[in-house]
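Source file: data-v9.txt. Holds: compact mmCIF, N, CA and C atoms.
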# COMPACT_ATOMS: atom_id res chain seq x y z
N MET B 6 18.04 5.68 -3.73
CA MET B 6 17.28 4.47 -3.58
C MET B 6 17.84 3.43 -4.56
N ARG B 7 18.49 2.44 -4.04
CA ARG B 7 19.12 1.43 -4.88
C ARG B 7 18.23 0.19 -5.00
N PRO B 8 17.95 -0.25 -6.23
CA PRO B 8 17.13 -1.45 -6.41
C PRO B 8 17.79 -2.69 -5.81
N GLU B 9 16.99 -3.50 -5.15
CA GLU B 9 17.46 -4.74 -4.53
C GLU B 9 16.63 -5.90 -5.03
N ARG B 10 17.25 -7.05 -5.16
CA ARG B 10 16.53 -8.25 -5.58
C ARG B 10 15.56 -8.66 -4.47
N VAL B 11 14.34 -9.01 -4.86
CA VAL B 11 13.33 -9.47 -3.91
C VAL B 11 12.86 -10.86 -4.32
N ASN B 12 12.23 -11.56 -3.37
CA ASN B 12 11.76 -12.92 -3.66
C ASN B 12 10.25 -13.00 -3.49
N VAL B 13 9.75 -14.23 -3.43
CA VAL B 13 8.32 -14.48 -3.35
C VAL B 13 7.69 -13.77 -2.15
N ALA B 14 8.43 -13.57 -1.08
CA ALA B 14 7.90 -12.90 0.11
C ALA B 14 7.43 -11.47 -0.19
N ALA B 15 7.91 -10.89 -1.26
CA ALA B 15 7.54 -9.51 -1.63
C ALA B 15 6.34 -9.45 -2.56
N ALA B 16 5.70 -10.58 -2.83
CA ALA B 16 4.60 -10.63 -3.81
C ALA B 16 3.49 -9.64 -3.50
N ALA B 17 3.09 -9.52 -2.25
CA ALA B 17 2.01 -8.61 -1.88
C ALA B 17 2.42 -7.15 -2.11
N THR B 18 3.65 -6.82 -1.78
CA THR B 18 4.15 -5.46 -2.00
C THR B 18 4.18 -5.13 -3.49
N LEU B 19 4.66 -6.07 -4.30
CA LEU B 19 4.70 -5.86 -5.75
C LEU B 19 3.29 -5.69 -6.30
N ALA B 20 2.35 -6.50 -5.82
CA ALA B 20 0.97 -6.39 -6.28
C ALA B 20 0.38 -5.03 -5.91
N GLY B 21 0.71 -4.52 -4.73
CA GLY B 21 0.23 -3.20 -4.32
C GLY B 21 0.77 -2.09 -5.21
N LEU B 22 2.04 -2.16 -5.53
CA LEU B 22 2.63 -1.17 -6.43
C LEU B 22 2.04 -1.28 -7.83
N HIS B 23 1.84 -2.52 -8.29
CA HIS B 23 1.26 -2.75 -9.61
C HIS B 23 -0.14 -2.14 -9.69
N ALA B 24 -0.89 -2.26 -8.60
CA ALA B 24 -2.25 -1.71 -8.56
C ALA B 24 -2.25 -0.18 -8.65
N GLN B 25 -1.19 0.45 -8.19
CA GLN B 25 -1.08 1.91 -8.29
C GLN B 25 -0.77 2.36 -9.71
N ALA B 26 -0.19 1.46 -10.49
CA ALA B 26 0.30 1.83 -11.82
C ALA B 26 -0.59 1.37 -12.97
N PHE B 27 -1.43 0.36 -12.75
CA PHE B 27 -2.21 -0.22 -13.84
C PHE B 27 -3.69 -0.37 -13.48
N GLU B 28 -4.55 -0.21 -14.47
CA GLU B 28 -5.99 -0.36 -14.25
C GLU B 28 -6.37 -1.81 -13.94
N THR B 29 -5.65 -2.75 -14.55
CA THR B 29 -5.91 -4.17 -14.32
C THR B 29 -4.66 -4.77 -13.68
N PRO B 30 -4.54 -4.64 -12.36
CA PRO B 30 -3.31 -5.10 -11.70
C PRO B 30 -3.25 -6.62 -11.55
N TRP B 31 -2.04 -7.10 -11.40
CA TRP B 31 -1.83 -8.52 -11.13
C TRP B 31 -1.95 -8.73 -9.63
N SER B 32 -2.40 -9.91 -9.25
CA SER B 32 -2.58 -10.24 -7.84
C SER B 32 -1.27 -10.69 -7.20
N ALA B 33 -1.27 -10.72 -5.88
CA ALA B 33 -0.10 -11.23 -5.15
C ALA B 33 0.16 -12.68 -5.54
N ALA B 34 -0.89 -13.46 -5.73
CA ALA B 34 -0.72 -14.87 -6.14
C ALA B 34 -0.05 -14.97 -7.50
N GLU B 35 -0.41 -14.09 -8.42
CA GLU B 35 0.23 -14.10 -9.74
C GLU B 35 1.71 -13.75 -9.63
N PHE B 36 2.02 -12.76 -8.81
CA PHE B 36 3.44 -12.41 -8.60
C PHE B 36 4.19 -13.57 -7.96
N ALA B 37 3.58 -14.20 -6.97
CA ALA B 37 4.24 -15.34 -6.31
C ALA B 37 4.49 -16.46 -7.31
N ASP B 38 3.51 -16.73 -8.16
CA ASP B 38 3.66 -17.78 -9.17
C ASP B 38 4.81 -17.45 -10.13
N LEU B 39 4.83 -16.22 -10.62
CA LEU B 39 5.90 -15.81 -11.54
C LEU B 39 7.27 -15.89 -10.88
N LEU B 40 7.37 -15.39 -9.66
CA LEU B 40 8.67 -15.39 -8.97
C LEU B 40 9.14 -16.80 -8.63
N GLY B 41 8.25 -17.75 -8.65
CA GLY B 41 8.62 -19.14 -8.41
C GLY B 41 9.12 -19.86 -9.66
N GLN B 42 9.01 -19.21 -10.80
CA GLN B 42 9.44 -19.83 -12.06
C GLN B 42 10.94 -19.60 -12.30
N ALA B 43 11.55 -20.55 -12.95
CA ALA B 43 12.97 -20.45 -13.28
C ALA B 43 13.21 -19.24 -14.19
N GLY B 44 14.26 -18.50 -13.91
CA GLY B 44 14.66 -17.38 -14.74
C GLY B 44 13.92 -16.08 -14.48
N VAL B 45 12.93 -16.10 -13.59
CA VAL B 45 12.17 -14.87 -13.30
C VAL B 45 12.73 -14.24 -12.03
N PHE B 46 12.94 -12.93 -12.08
CA PHE B 46 13.43 -12.23 -10.90
C PHE B 46 12.85 -10.82 -10.86
N ALA B 47 12.85 -10.24 -9.67
CA ALA B 47 12.36 -8.88 -9.50
C ALA B 47 13.37 -8.07 -8.72
N LEU B 48 13.46 -6.80 -9.08
CA LEU B 48 14.24 -5.82 -8.34
C LEU B 48 13.28 -4.75 -7.88
N ALA B 49 13.39 -4.35 -6.63
CA ALA B 49 12.50 -3.33 -6.08
C ALA B 49 13.31 -2.24 -5.42
N ALA B 50 12.77 -1.04 -5.48
CA ALA B 50 13.36 0.11 -4.81
C ALA B 50 12.40 0.49 -3.69
N GLU B 51 12.62 -0.13 -2.54
CA GLU B 51 11.76 0.06 -1.37
C GLU B 51 10.30 -0.12 -1.77
N ASP B 52 9.43 0.78 -1.39
CA ASP B 52 8.02 0.68 -1.77
C ASP B 52 7.68 1.69 -2.86
N GLN B 53 8.69 2.06 -3.65
CA GLN B 53 8.50 3.09 -4.68
C GLN B 53 8.33 2.52 -6.08
N GLY B 54 8.92 1.35 -6.36
CA GLY B 54 8.82 0.79 -7.70
C GLY B 54 9.54 -0.52 -7.81
N PHE B 55 9.29 -1.22 -8.92
CA PHE B 55 9.95 -2.51 -9.15
C PHE B 55 9.96 -2.83 -10.64
N ILE B 56 10.79 -3.79 -10.99
CA ILE B 56 10.81 -4.36 -12.33
C ILE B 56 10.82 -5.88 -12.17
N LEU B 57 10.04 -6.54 -13.00
CA LEU B 57 9.96 -8.00 -13.01
C LEU B 57 10.47 -8.45 -14.37
N MET B 58 11.48 -9.31 -14.36
CA MET B 58 12.16 -9.75 -15.57
C MET B 58 12.16 -11.27 -15.68
N ARG B 59 12.31 -11.74 -16.92
CA ARG B 59 12.53 -13.16 -17.18
C ARG B 59 13.77 -13.27 -18.05
N GLU B 60 14.68 -14.15 -17.65
CA GLU B 60 15.90 -14.40 -18.42
C GLU B 60 15.87 -15.84 -18.90
N VAL B 61 15.97 -16.00 -20.23
CA VAL B 61 15.96 -17.32 -20.83
C VAL B 61 16.95 -17.33 -21.99
N ALA B 62 17.81 -18.32 -22.02
CA ALA B 62 18.74 -18.53 -23.13
C ALA B 62 19.54 -17.27 -23.47
N GLY B 63 19.99 -16.56 -22.45
CA GLY B 63 20.82 -15.38 -22.67
C GLY B 63 20.06 -14.14 -23.10
N GLU B 64 18.75 -14.21 -23.13
CA GLU B 64 17.94 -13.05 -23.47
C GLU B 64 17.07 -12.68 -22.28
N ALA B 65 16.72 -11.41 -22.20
CA ALA B 65 15.90 -10.93 -21.08
C ALA B 65 14.63 -10.30 -21.62
N GLU B 66 13.57 -10.44 -20.83
CA GLU B 66 12.27 -9.88 -21.18
C GLU B 66 11.72 -9.14 -19.96
N VAL B 67 11.29 -7.90 -20.16
CA VAL B 67 10.63 -7.17 -19.08
C VAL B 67 9.18 -7.66 -19.04
N LEU B 68 8.79 -8.24 -17.91
CA LEU B 68 7.41 -8.69 -17.75
C LEU B 68 6.52 -7.54 -17.32
N THR B 69 7.01 -6.73 -16.40
CA THR B 69 6.30 -5.52 -16.00
C THR B 69 7.25 -4.62 -15.22
N LEU B 70 6.91 -3.36 -15.20
CA LEU B 70 7.68 -2.35 -14.47
C LEU B 70 6.66 -1.36 -13.93
N ALA B 71 6.76 -1.03 -12.66
CA ALA B 71 5.80 -0.11 -12.06
C ALA B 71 6.52 0.84 -11.11
N VAL B 72 6.07 2.09 -11.13
CA VAL B 72 6.59 3.11 -10.21
C VAL B 72 5.38 3.79 -9.57
N ALA B 73 5.41 3.94 -8.26
CA ALA B 73 4.34 4.62 -7.54
C ALA B 73 4.17 6.04 -8.07
N PRO B 74 2.96 6.51 -8.17
CA PRO B 74 2.73 7.86 -8.71
C PRO B 74 3.58 8.95 -8.06
N ALA B 75 3.76 8.90 -6.76
CA ALA B 75 4.54 9.93 -6.07
C ALA B 75 6.03 9.88 -6.40
N ALA B 76 6.50 8.76 -6.94
CA ALA B 76 7.92 8.60 -7.24
C ALA B 76 8.24 8.74 -8.73
N ARG B 77 7.26 9.07 -9.52
CA ARG B 77 7.48 9.17 -10.97
C ARG B 77 8.25 10.43 -11.36
N ARG B 78 8.86 10.36 -12.54
CA ARG B 78 9.60 11.46 -13.14
C ARG B 78 10.84 11.84 -12.34
N GLN B 79 11.42 10.84 -11.66
CA GLN B 79 12.64 11.06 -10.89
C GLN B 79 13.76 10.11 -11.31
N GLY B 80 13.53 9.37 -12.40
CA GLY B 80 14.56 8.46 -12.91
C GLY B 80 14.54 7.07 -12.30
N LEU B 81 13.51 6.75 -11.53
CA LEU B 81 13.48 5.44 -10.88
C LEU B 81 13.31 4.31 -11.90
N ALA B 82 12.43 4.46 -12.85
CA ALA B 82 12.24 3.42 -13.86
C ALA B 82 13.54 3.16 -14.61
N ARG B 83 14.25 4.21 -14.95
CA ARG B 83 15.53 4.08 -15.64
C ARG B 83 16.53 3.32 -14.77
N ALA B 84 16.58 3.64 -13.47
CA ALA B 84 17.49 2.97 -12.56
C ALA B 84 17.13 1.49 -12.40
N LEU B 85 15.84 1.20 -12.34
CA LEU B 85 15.40 -0.20 -12.24
C LEU B 85 15.80 -0.99 -13.47
N LEU B 86 15.57 -0.42 -14.64
CA LEU B 86 15.93 -1.11 -15.89
C LEU B 86 17.44 -1.31 -15.99
N ALA B 87 18.20 -0.29 -15.67
CA ALA B 87 19.67 -0.40 -15.73
C ALA B 87 20.17 -1.48 -14.76
N ALA B 88 19.63 -1.52 -13.56
CA ALA B 88 20.04 -2.53 -12.59
C ALA B 88 19.66 -3.94 -13.06
N ALA B 89 18.49 -4.07 -13.66
CA ALA B 89 18.05 -5.38 -14.12
C ALA B 89 18.89 -5.91 -15.28
N LEU B 90 19.41 -5.01 -16.07
CA LEU B 90 20.19 -5.43 -17.24
C LEU B 90 21.65 -5.74 -16.91
N THR B 91 22.09 -5.46 -15.70
CA THR B 91 23.48 -5.76 -15.34
C THR B 91 23.64 -7.15 -14.80
Would you mind giving the structure from this file in structure tokens?
Amino acid sequence: MRPERVNVAAAATLAGLHAQAFETPWSAAEFADLLGQAGVFALAAEDQGFILMREVAGEAEVLTLAVAPAARRQGLARALLAAALT
């Protein structure tokens, strides 16, 4: 499963995955707002997980990372982070 860059159209999918991973999930509107900002991007591995990053002035910040419970402990988070940092 190779992470692929996604855009605002994936906001609902990202929100669904986020809800599986966190007690206080972000909404699809919040994801859409973030993805519309300069320097913010997301990489997703199908419907199994994603990473949301912000790049500013040559530095990167992980905004959130989520992996579906069924896909955990298989190296997906590591693969998402490695892909985002390249």
Requested in this report: Using DSSP on the backbone coordinates, identify the residues of segment 34-88 of chain B assigned to helix (DSSP H, G or I); present them as a VMD selection string.
Outcome: chain B and resid 34 to 40 74 to 76 81 to 88
Can you tell me, as a PDB file with N, CA and C atoms, keeping the file's coordinate frame, what residues are no more than 7 Å from segment 20-28 of chain B when counting all atoms listed in the file, ignoring any on the same chain fewer than 5 positions away?
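Result file follows (out33.pdb):
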ATOM      1  N   ALA B  15       7.910 -10.890  -1.260  1.00  0.00           N
ATOM      2  CA  ALA B  15       7.540  -9.510  -1.630  1.00  0.00           C
ATOM      3  C   ALA B  15       6.340  -9.450  -2.560  1.00  0.00           C
ATOM      4  N   ALA B  33      -1.270 -10.720  -5.880  1.00  0.00           N
ATOM      5  CA  ALA B  33      -0.100 -11.230  -5.150  1.00  0.00           C
ATOM      6  C   ALA B  33       0.160 -12.680  -5.540  1.00  0.00           C
ATOM      7  N   PHE B  36       2.020 -12.760  -8.810  1.00  0.00           N
ATOM      8  CA  PHE B  36       3.440 -12.410  -8.600  1.00  0.00           C
ATOM      9  C   PHE B  36       4.190 -13.570  -7.960  1.00  0.00           C
ATOM     10  N   ASP B  52       9.430   0.780  -1.390  1.00  0.00           N
ATOM     11  CA  ASP B  52       8.020   0.680  -1.770  1.00  0.00           C
ATOM     12  C   ASP B  52       7.680   1.690  -2.860  1.00  0.00           C
ATOM     13  N   GLN B  53       8.690   2.060  -3.650  1.00  0.00           N
ATOM     14  CA  GLN B  53       8.500   3.090  -4.680  1.00  0.00           C
ATOM     15  C   GLN B  53       8.330   2.520  -6.080  1.00  0.00           C
ATOM     16  N   GLY B  54       8.920   1.350  -6.360  1.00  0.00           N
ATOM     17  CA  GLY B  54       8.820   0.790  -7.700  1.00  0.00           C
ATOM     18  C   GLY B  54       9.540  -0.520  -7.810  1.00  0.00           C
ATOM     19  N   ALA B  71       6.760  -1.030 -12.660  1.00  0.00           N
ATOM     20  CA  ALA B  71       5.800  -0.110 -12.060  1.00  0.00           C
ATOM     21  C   ALA B  71       6.520   0.840 -11.110  1.00  0.00           C
ATOM     22  N   VAL B  72       6.070   2.090 -11.130  1.00  0.00           N
ATOM     23  CA  VAL B  72       6.590   3.110 -10.210  1.00  0.00           C
ATOM     24  C   VAL B  72       5.380   3.790  -9.570  1.00  0.00           C
ATOM     25  N   ALA B  73       5.410   3.940  -8.260  1.00  0.00           N
ATOM     26  CA  ALA B  73       4.340   4.620  -7.540  1.00  0.00           C
ATOM     27  C   ALA B  73       4.170   6.040  -8.070  1.00  0.00           C
ATOM     28  N   PRO B  74       2.960   6.510  -8.170  1.00  0.00           N
ATOM     29  CA  PRO B  74       2.730   7.860  -8.710  1.00  0.00           C
ATOM     30  C   PRO B  74       3.580   8.950  -8.060  1.00  0.00           C
TER      31      PRO B  74
END
Query raised in the report: Could you write out, as a PyMOL selection string, all the residues of segment 30-78 of chain B that DSSP marks as strand (DSSP E)?
Result: chain B and resi 45-50+54-61+64-72
Query raised in the report: atom CA of Trp31 of chain B and atom C of Ala87 of chain B, how far apart in Å?
Result: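 Distance between the two atoms: 23.4 Å.
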Report summary line: A straight line from atom C of Asn12 of chain B to atom C of Ala62 of chain B spans 22.4 Å
Report task. Find the residues around Met58 of chain B up to 9 Å (only C-alpha atoms counted), leave out those fewer than 3 positions away in its own chain, and share them as a PyMOL selection string. Result -> chain B and resi 44-48+65-70+89
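For the pair atom N of Ala37 of chain B and atom N of Gly80 of chain B, the interatomic distance is 26.2 Å.
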Report task. Go through B:Leu85, B:Ala75, B:Ala49, B:Ile56 and flag the residue nearest Glu9 of chain B, using only C-alpha atoms for the distances. Result ->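 Nearest to Glu9 of chain B: B:Ala49.
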Query raised in the report: Taking into account only C-alpha atoms, which residue in the set B:Ala88, B:Val61, B:Ala76, B:Ala50 is nearest to Val11 of chain B?
Result: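 Result for the nearest residue to Val11 of chain B: B:Ala50.
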If you take every atom of segment 13-23 of chain B that the file lists and fit an axis-aligned box around them with 6 Å extra on each side, what centre and edge lengths come out in Å to one decimal, as JSON?
{"center_x": 4.8, "center_y": -7.8, "center_z": -4.8, "size_x": 21.9, "size_y": 25.3, "size_z": 21.8}
Query - Near-Asp38 of chain B list (8 Å; all atoms listed in the file; drop same-chain fewer than 6 positions) as a PyMOL selection string - result: chain B and resi 13+16+32
Can I get segment 8-23 of chain B with N, CA, C and O atoms filled in, as a CSV table (one decimal), in the frame of the given file?
chain,number,residue,atom,x,y,z
B,8,PRO,N,18.0,-0.2,-6.2
B,8,PRO,CA,17.1,-1.4,-6.4
B,8,PRO,C,17.8,-2.7,-5.8
B,8,PRO,O,19.0,-2.9,-5.9
B,9,GLU,N,17.0,-3.5,-5.2
B,9,GLU,CA,17.5,-4.7,-4.5
B,9,GLU,C,16.6,-5.9,-5.0
B,9,GLU,O,15.4,-5.8,-5.2
B,10,ARG,N,17.2,-7.0,-5.2
B,10,ARG,CA,16.5,-8.2,-5.6
B,10,ARG,C,15.6,-8.7,-4.5
B,10,ARG,O,15.9,-8.6,-3.3
B,11,VAL,N,14.3,-9.0,-4.9
B,11,VAL,CA,13.3,-9.5,-3.9
B,11,VAL,C,12.9,-10.9,-4.3
B,11,VAL,O,13.0,-11.3,-5.5
B,12,ASN,N,12.2,-11.6,-3.4
B,12,ASN,CA,11.8,-12.9,-3.7
B,12,ASN,C,10.2,-13.0,-3.5
B,12,ASN,O,9.6,-12.0,-3.4
B,13,VAL,N,9.8,-14.2,-3.4
B,13,VAL,CA,8.3,-14.5,-3.4
B,13,VAL,C,7.7,-13.8,-2.2
B,13,VAL,O,6.5,-13.4,-2.2
B,14,ALA,N,8.4,-13.6,-1.1
B,14,ALA,CA,7.9,-12.9,0.1
B,14,ALA,C,7.4,-11.5,-0.2
B,14,ALA,O,6.6,-10.9,0.5
B,15,ALA,N,7.9,-10.9,-1.3
B,15,ALA,CA,7.5,-9.5,-1.6
B,15,ALA,C,6.3,-9.4,-2.6
B,15,ALA,O,6.0,-8.4,-3.0
B,16,ALA,N,5.7,-10.6,-2.8
B,16,ALA,CA,4.6,-10.6,-3.8
B,16,ALA,C,3.5,-9.6,-3.5
B,16,ALA,O,3.0,-9.0,-4.4
B,17,ALA,N,3.1,-9.5,-2.2
B,17,ALA,CA,2.0,-8.6,-1.9
B,17,ALA,C,2.4,-7.2,-2.1
B,17,ALA,O,1.6,-6.3,-2.6
B,18,THR,N,3.6,-6.8,-1.8
B,18,THR,CA,4.2,-5.5,-2.0
B,18,THR,C,4.2,-5.1,-3.5
B,18,THR,O,3.8,-4.0,-3.9
B,19,LEU,N,4.7,-6.1,-4.3
B,19,LEU,CA,4.7,-5.9,-5.8
B,19,LEU,C,3.3,-5.7,-6.3
B,19,LEU,O,3.0,-4.8,-7.1
B,20,ALA,N,2.4,-6.5,-5.8
B,20,ALA,CA,1.0,-6.4,-6.3
B,20,ALA,C,0.4,-5.0,-5.9
B,20,ALA,O,-0.3,-4.4,-6.7
B,21,GLY,N,0.7,-4.5,-4.7
B,21,GLY,CA,0.2,-3.2,-4.3
B,21,GLY,C,0.8,-2.1,-5.2
B,21,GLY,O,0.0,-1.2,-5.6
B,22,LEU,N,2.0,-2.2,-5.5
B,22,LEU,CA,2.6,-1.2,-6.4
B,22,LEU,C,2.0,-1.3,-7.8
B,22,LEU,O,1.8,-0.3,-8.5
B,23,HIS,N,1.8,-2.5,-8.3
B,23,HIS,CA,1.3,-2.8,-9.6
B,23,HIS,C,-0.1,-2.1,-9.7
B,23,HIS,O,-0.5,-1.6,-10.7
